[in-house]
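Colleague: Below is the file upload18.cif, which contains mmCIF, C-alpha atoms.
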```cif
data_input
#
loop_
_atom_site.group_PDB
_atom_site.id
_atom_site.type_symbol
_atom_site.label_atom_id
_atom_site.label_comp_id
_atom_site.auth_asym_id
_atom_site.auth_seq_id
_atom_site.Cartn_x
_atom_site.Cartn_y
_atom_site.Cartn_z
ATOM 1 C CA VAL A 1 34.996 146.985 41.017
ATOM 2 C CA ILE A 2 33.526 149.599 38.698
ATOM 3 C CA MET A 3 33.375 147.165 35.800
ATOM 4 C CA SER A 4 31.554 144.678 38.037
ATOM 5 C CA MET A 5 29.098 147.415 38.989
ATOM 6 C CA LEU A 6 28.503 148.256 35.340
ATOM 7 C CA TRP A 7 28.113 144.812 33.861
ATOM 8 C CA GLY A 8 28.366 142.430 36.817
ATOM 9 C CA GLY A 9 25.462 140.149 35.882
ATOM 10 C CA THR A 10 25.971 140.464 32.147
ATOM 11 C CA LEU A 11 29.221 138.571 31.741
ATOM 12 C CA ASP A 12 30.621 135.502 33.458
ATOM 13 C CA ALA A 13 33.879 135.957 35.373
ATOM 14 C CA GLU A 14 36.157 134.689 32.597
ATOM 15 C CA LYS A 15 34.564 136.801 29.889
ATOM 16 C CA GLN A 16 34.414 139.821 32.226
ATOM 17 C CA SER A 17 38.158 139.685 32.861
ATOM 18 C CA LYS A 18 38.833 139.227 29.130
ATOM 19 C CA VAL A 19 36.632 142.206 28.209
ATOM 20 C CA GLY A 20 38.180 144.267 31.014
ATOM 21 C CA ALA A 21 41.713 143.490 29.838
ATOM 22 C CA GLU A 22 40.793 144.238 26.236
ATOM 23 C CA PHE A 23 39.207 147.538 27.259
ATOM 24 C CA ARG A 24 42.153 148.572 29.442
ATOM 25 C CA GLY A 25 44.559 147.720 26.621
ATOM 26 C CA ALA A 26 42.635 149.858 24.141
ATOM 27 C CA VAL A 27 42.470 152.795 26.564
ATOM 28 C CA GLU A 28 46.203 152.507 27.312
ATOM 29 C CA GLN A 29 46.889 152.637 23.571
ATOM 30 C CA ILE A 30 44.646 155.706 23.217
ATOM 31 C CA VAL A 31 46.441 157.489 26.055
ATOM 32 C CA GLY A 32 49.830 156.538 24.607
ATOM 33 C CA THR A 33 48.858 157.766 21.169
ATOM 34 C CA ILE A 34 47.452 161.047 22.475
ATOM 35 C CA ALA A 35 50.592 161.616 24.558
ATOM 36 C CA LYS A 36 52.877 161.410 21.509
ATOM 37 C CA PRO A 37 54.304 164.718 20.340
ATOM 38 C CA ASN A 38 52.220 165.903 17.410
ATOM 39 C CA ILE A 39 53.574 168.305 14.835
ATOM 40 C CA SER A 40 50.034 169.645 14.389
ATOM 41 C CA ASP A 41 50.177 171.017 17.936
ATOM 42 C CA PHE A 42 53.052 173.278 16.896
ATOM 43 C CA PHE A 43 51.790 174.037 13.396
ATOM 44 C CA PRO A 44 47.955 174.009 13.486
ATOM 45 C CA ILE A 45 47.730 174.610 9.739
ATOM 46 C CA LEU A 46 48.995 171.031 9.255
ATOM 47 C CA ALA A 47 46.290 169.482 11.477
ATOM 48 C CA ARG A 48 43.933 168.705 8.607
ATOM 49 C CA PHE A 49 46.615 166.593 6.910
ATOM 50 C CA ASP A 50 47.212 164.334 9.954
ATOM 51 C CA ILE A 51 50.839 163.927 8.917
ATOM 52 C CA GLN A 52 51.744 161.488 11.699
ATOM 53 C CA GLY A 53 48.468 159.544 11.478
ATOM 54 C CA ILE A 54 47.632 160.160 15.144
ATOM 55 C CA GLU A 55 44.031 161.130 14.457
ATOM 56 C CA LYS A 56 43.536 158.001 12.357
ATOM 57 C CA GLN A 57 45.016 155.791 15.099
ATOM 58 C CA VAL A 58 42.859 157.352 17.826
ATOM 59 C CA LYS A 59 39.697 156.975 15.727
ATOM 60 C CA ALA A 60 40.487 153.285 15.143
ATOM 61 C CA LEU A 61 41.101 152.726 18.856
ATOM 62 C CA LEU A 62 37.913 154.578 19.819
ATOM 63 C CA LYS A 63 36.026 152.367 17.375
ATOM 64 C CA LYS A 64 37.475 149.314 19.155
ATOM 65 C CA VAL A 65 36.338 150.684 22.554
ATOM 66 C CA ASP A 66 32.931 151.427 21.052
ATOM 67 C CA GLU A 67 32.623 147.829 19.807
ATOM 68 C CA ILE A 68 33.514 146.458 23.264
ATOM 69 C CA VAL A 69 30.844 148.579 24.970
ATOM 70 C CA ASP A 70 28.298 147.741 22.240
ATOM 71 C CA ALA A 71 28.931 144.021 22.712
ATOM 72 C CA VAL A 72 28.379 144.247 26.472
ATOM 73 C CA ILE A 73 25.170 146.288 26.056
ATOM 74 C CA ASP A 74 23.877 143.891 23.382
ATOM 75 C CA GLU A 75 24.628 140.952 25.689
ATOM 76 C CA ARG A 76 22.624 142.611 28.475
ATOM 77 C CA ILE A 77 19.715 143.382 26.118
ATOM 78 C CA LYS A 78 19.577 139.680 25.189
ATOM 79 C CA MET A 79 19.479 138.732 28.890
ATOM 80 C CA VAL A 80 16.694 141.126 29.978
ATOM 81 C CA PRO A 81 13.735 139.124 28.575
ATOM 82 C CA ASN A 82 14.979 136.013 30.404
ATOM 83 C CA ASN A 83 14.865 137.763 33.800
ATOM 84 C CA VAL A 84 11.417 139.353 33.469
ATOM 85 C CA GLU A 85 9.504 136.396 34.954
ATOM 86 C CA ASP A 86 11.021 136.725 38.446
ATOM 87 C CA PRO A 87 10.880 140.380 39.576
ATOM 88 C CA ILE A 88 12.307 139.699 43.062
ATOM 89 C CA ARG A 89 15.390 138.008 41.654
ATOM 90 C CA ASN A 90 15.551 140.685 39.017
ATOM 91 C CA GLU A 91 15.728 143.469 41.648
ATOM 92 C CA ALA A 92 18.505 141.768 43.603
ATOM 93 C CA GLU A 93 20.800 141.151 40.620
ATOM 94 C CA LYS A 94 20.544 144.403 38.683
ATOM 95 C CA ASP A 95 23.691 145.978 37.397
ATOM 96 C CA PHE A 96 24.073 149.566 36.218
ATOM 97 C CA ILE A 97 23.576 148.727 32.543
ATOM 98 C CA GLN A 98 20.290 146.956 33.314
ATOM 99 C CA ILE A 99 19.054 150.004 35.237
ATOM 100 C CA LEU A 100 19.941 152.248 32.298
ATOM 101 C CA LEU A 101 18.220 149.873 29.862
ATOM 102 C CA GLU A 102 15.070 150.031 31.998
ATOM 103 C CA LEU A 103 15.167 153.815 31.586
ATOM 104 C CA VAL A 104 15.270 153.284 27.815
ATOM 105 C CA LYS A 105 11.999 151.316 28.022
ATOM 106 C CA LEU A 106 10.125 153.894 30.146
ATOM 107 C CA GLU A 107 6.891 155.211 28.685
ATOM 108 C CA ASN A 108 7.295 158.649 30.268
ATOM 109 C CA GLU A 109 9.189 160.689 27.672
ATOM 110 C CA GLY A 110 10.578 163.066 30.310
ATOM 111 C CA GLU A 111 12.710 160.311 31.849
ATOM 112 C CA LYS A 112 13.415 158.180 28.789
ATOM 113 C CA ILE A 113 16.950 157.903 27.439
ATOM 114 C CA THR A 114 18.258 156.385 24.214
ATOM 115 C CA LEU A 115 20.689 153.512 23.700
ATOM 116 C CA THR A 116 23.221 156.027 22.410
ATOM 117 C CA GLN A 117 22.986 157.880 25.716
ATOM 118 C CA VAL A 118 23.372 154.608 27.642
ATOM 119 C CA LYS A 119 26.500 153.813 25.656
ATOM 120 C CA ALA A 120 27.856 157.321 26.242
ATOM 121 C CA ILE A 121 27.277 157.093 30.006
ATOM 122 C CA VAL A 122 29.007 153.717 30.206
ATOM 123 C CA MET A 123 31.946 154.897 28.077
ATOM 124 C CA VAL A 124 32.417 158.049 30.169
ATOM 125 C CA ILE A 125 32.426 156.050 33.399
ATOM 126 C CA LEU A 126 34.880 153.526 31.987
ATOM 127 C CA LEU A 127 37.190 156.143 30.486
ATOM 128 C CA LEU A 128 37.216 158.233 33.681
ATOM 129 C CA MET A 129 38.005 155.101 35.630
ATOM 130 C CA GLN A 130 41.231 154.728 33.646
ATOM 131 C CA PHE A 131 42.582 158.123 34.743
#
```
Spit out the file's structure as structure tokens when you get a sec.
Modeller:
Amino acid sequence: VIMSMLWGGTLDAEKQSKVGAEFRGAVEQIVGTIAKPNISDFFPILARFDIQGIEKQVKALLKKVDEIVDAVIDERIKMVPNNVEDPIRNEAEKDFIQILLELVKLENEGEKITLTQVKAIVMVILLLMQF
């Protein structure tokens, strides 16, 4: 439900389920990796060496999650110009990402956000949804 709220109009049903499954799989791997016992927790002096490679694994998985969210946002950015002609239809079919992207385009600097902030908001919502 939350994924549909975030990018409901961006992806068709088949692609949405594929992206959702891919995202859930990556998050499950992150949680599993973080839950592993880490020798650096017991001996903090060894943390910088990443003896077990946990930090490297988590960074790679976070990069994968980042790429998934980037792809969805890029897909929505490509769709926005196509929907501009019909504002009534546009209002009825907005998803959360489209609303955030409209905030990016605002002229008023007090309310404007960046694409990095949009991505961060979406990632936080999606990651919190997993727990």
Colleague: What gap, in Å, lies between atom CA of A:Ile113 and atom CA of A:Phe96?
Modeller: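 Those two atoms sit 14.0 Å apart.
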Colleague: Extract, using only C-alpha atoms, all DNA, RNA and protein residues at most 7 Å from A:Phe23, discarding same-chain residues fewer than 4 positions from it, and format them as an NGL selection string.
Modeller: :A and (19 or 27 or 65)
Colleague: Report as a VMD selection string the full result of the PyMOL selection byres ((chain A and resi 101) around 9) when it is applied to this structure.
Modeller: chain A and resid 73 76 to 77 80 96 to 100 102 to 105 113 to 115 118
Colleague: With the PyMOL selection byres ((chain A and resi 68) around 10) as the selection, what would be picked from this file? Answer as a list in words, please.
Modeller: Val19, Gly20, Glu22, Phe23, Ala26, Leu62, Lys63, Lys64, Val65, Asp66, Glu67, Val69, Asp70, Ala71, Val72, Ile73, Asp74 and Met123 of chain A
Colleague: Quick check, in Å to one decimal: how far apart do atom CA of A:Asp41 and atom CA of A:Leu128 lie?
Modeller: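 Straight-line distance from atom CA of A:Asp41 to atom CA of A:Leu128 works out to 24.1 Å.
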